[in-house]
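What follows is a set of notes on a single structure, which appears directly below.
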Amino acid sequence: MLSSKKYVSFAVLKFSRMTKIKQFEEKAKKKAQEQAENAKKVEAENSILENPVALFDKTEEFFKKNQKWISLGLIALIVALGGYFGFRYYINEQEKEAAAKLFPAEHFLRLDSLSKVLKGEGKYLSAKKVAETYSITQTGKLAHLYTGIALMKEGKFKEAITQLEQFSSDDKLVQGRAYCLLGDAYMELNKLDDAISHYRKAANYYRNQFYTPMYLSKLALAYELKGDKKMAINTYDEIIDEFYNSQERGNAQKYKARLEAMMGK
């Protein structure tokens, strides 16, 4: 016979094993129930998909429950689409109207009739007025450029800067030219740091064989006037090294040699 201690140990071990078996059976039973429930759900979903009537009933039930929110969502979508296309139409019409209004000012600018560009004439609007009236259009922005150019020619450099700073264009050549004009205006006001900044911006914005050497020549001159001979020489080197066929290259070589002689090189 087993001693009392051994009997107790055996009983505890037996109880522990029975408990583990029971726990395992309960987990297996629970897992089987979950699988059965999932199978019922899948079966129900498949029956809905296979049965158009049941699917329609489900869809109809969903719409009935959420009718208010669905209606609000559709209204919001319609309003958004209508607003988008309406705004596009409005912008296109404004562009056409602005172009027609700016045409006389553009014509006057070509004739150097600066007063008419800036003040208009009779029924013809000034370029500045077109810029203010059609500010959301690209033509309105172009009107700022025309106004700035006319003011530059009249020697009104501060006013020109105000107009030119409001101009922007996707045309890289035109935008680069605008940066250069700002540099010219600051040069006239003897604001050399601002001039240097805008000449550099013009030179780097869209580098090309025709305009970039001209911008760099102006940049080098601004450095010379500031007394920064080293940066002027570096800028002339840009022209000499990168724009071999440009008209400015010969002058760049000459001005660089002059500066090096002044520096004792």
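Going through the structure tokens in order, the chains are called A, B, and so on, while each chain numbers its residues from 1 and the ligands are numbered from 1 in the order shown.
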
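When the distance limit is 8 Å and only C-alpha atoms are what count, the residues near Leu192 (chain A), minus those fewer than 4 positions from it on the same chain, are Tyr186, Met187, Ile196, Ala222, Tyr223, Leu225 and Lys226 of chain A.
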
Compile the contact shell of Leu151 (chain A) as number ranges by chain: residues with an atom at most 12 Å away, counting only C-alpha atoms, same-chain residues fewer than 2 positions apart removed. A: 109, 112-119, 127-128, 144-149, 153-164, 181-182, 185

Atoms to include: C-alpha atoms. Write the selected residues as a PDB file, in the first residue's frame.
ATOM      1  CA  LEU A 109       4.018  99.559 -74.116  1.00  0.00           C
ATOM      2  CA  ASP A 112       6.662 103.406 -75.527  1.00  0.00           C
ATOM      3  CA  SER A 113       3.477 105.288 -74.685  1.00  0.00           C
ATOM      4  CA  LEU A 114       4.235 104.828 -71.000  1.00  0.00           C
ATOM      5  CA  SER A 115       1.644 107.282 -69.736  1.00  0.00           C
ATOM      6  CA  LYS A 116      -1.117 105.311 -71.464  1.00  0.00           C
ATOM      7  CA  VAL A 117       0.239 102.046 -70.074  1.00  0.00           C
ATOM      8  CA  LEU A 118       0.141 103.436 -66.541  1.00  0.00           C
ATOM      9  CA  LYS A 119      -2.989 105.576 -66.706  1.00  0.00           C
ATOM     10  CA  ALA A 127      -2.087  97.780 -67.027  1.00  0.00           C
ATOM     11  CA  LYS A 128      -2.205  98.366 -63.282  1.00  0.00           C
ATOM     12  CA  HIS A 144       1.972  93.575 -63.099  1.00  0.00           C
ATOM     13  CA  LEU A 145       5.010  92.903 -65.301  1.00  0.00           C
ATOM     14  CA  TYR A 146       3.925  95.448 -67.920  1.00  0.00           C
ATOM     15  CA  THR A 147       3.287  98.016 -65.207  1.00  0.00           C
ATOM     16  CA  GLY A 148       6.689  97.333 -63.666  1.00  0.00           C
ATOM     17  CA  ILE A 149       8.471  97.726 -67.006  1.00  0.00           C
ATOM     18  CA  LYS A 153      11.353 103.286 -67.961  1.00  0.00           C
ATOM     19  CA  GLU A 154       9.965 106.316 -66.139  1.00  0.00           C
ATOM     20  CA  GLY A 155      12.603 105.971 -63.421  1.00  0.00           C
ATOM     21  CA  LYS A 156      10.083 105.060 -60.695  1.00  0.00           C
ATOM     22  CA  PHE A 157      12.105 102.176 -59.355  1.00  0.00           C
ATOM     23  CA  LYS A 158      10.450 101.689 -55.943  1.00  0.00           C
ATOM     24  CA  GLU A 159       7.016 101.515 -57.542  1.00  0.00           C
ATOM     25  CA  ALA A 160       8.403  99.211 -60.211  1.00  0.00           C
ATOM     26  CA  ILE A 161       9.705  96.814 -57.558  1.00  0.00           C
ATOM     27  CA  THR A 162       6.257  96.680 -55.929  1.00  0.00           C
ATOM     28  CA  GLN A 163       4.698  95.673 -59.253  1.00  0.00           C
ATOM     29  CA  LEU A 164       7.406  93.240 -60.330  1.00  0.00           C
ATOM     30  CA  LEU A 181      14.420  93.511 -63.895  1.00  0.00           C
ATOM     31  CA  LEU A 182      14.145  93.464 -60.117  1.00  0.00           C
ATOM     32  CA  ALA A 185      15.680  98.303 -60.129  1.00  0.00           C
TER      33      ALA A 185
END

If DSSP is run on the backbone, what residues of region 80-160 of chain A are helix (DSSP H, G or I)? A reply as JSON, numbers by chain would be ideal. {"A": [80, 81, 82, 83, 84, 85, 86, 87, 88, 89, 90, 91, 92, 93, 94, 95, 96, 97, 98, 99, 100, 101, 102, 103, 104, 105, 106, 107, 108, 109, 110, 114, 115, 116, 117, 118, 119, 127, 128, 129, 130, 131, 132, 133, 138, 139, 140, 141, 142, 143, 144, 145, 146, 147, 148, 149, 150, 151, 152, 153, 157, 158, 159, 160]}

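Comparing the minimum interatomic distances between Met262 (chain A) and each of A:Glu93, A:Glu165, A:Glu224, A:Glu132, counting only C-alpha atoms, we find that A:Glu224 sits nearest.
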
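The space between CA of Gln175 (chain A) and CA of Tyr205 (chain A) spans 8.2 Å.
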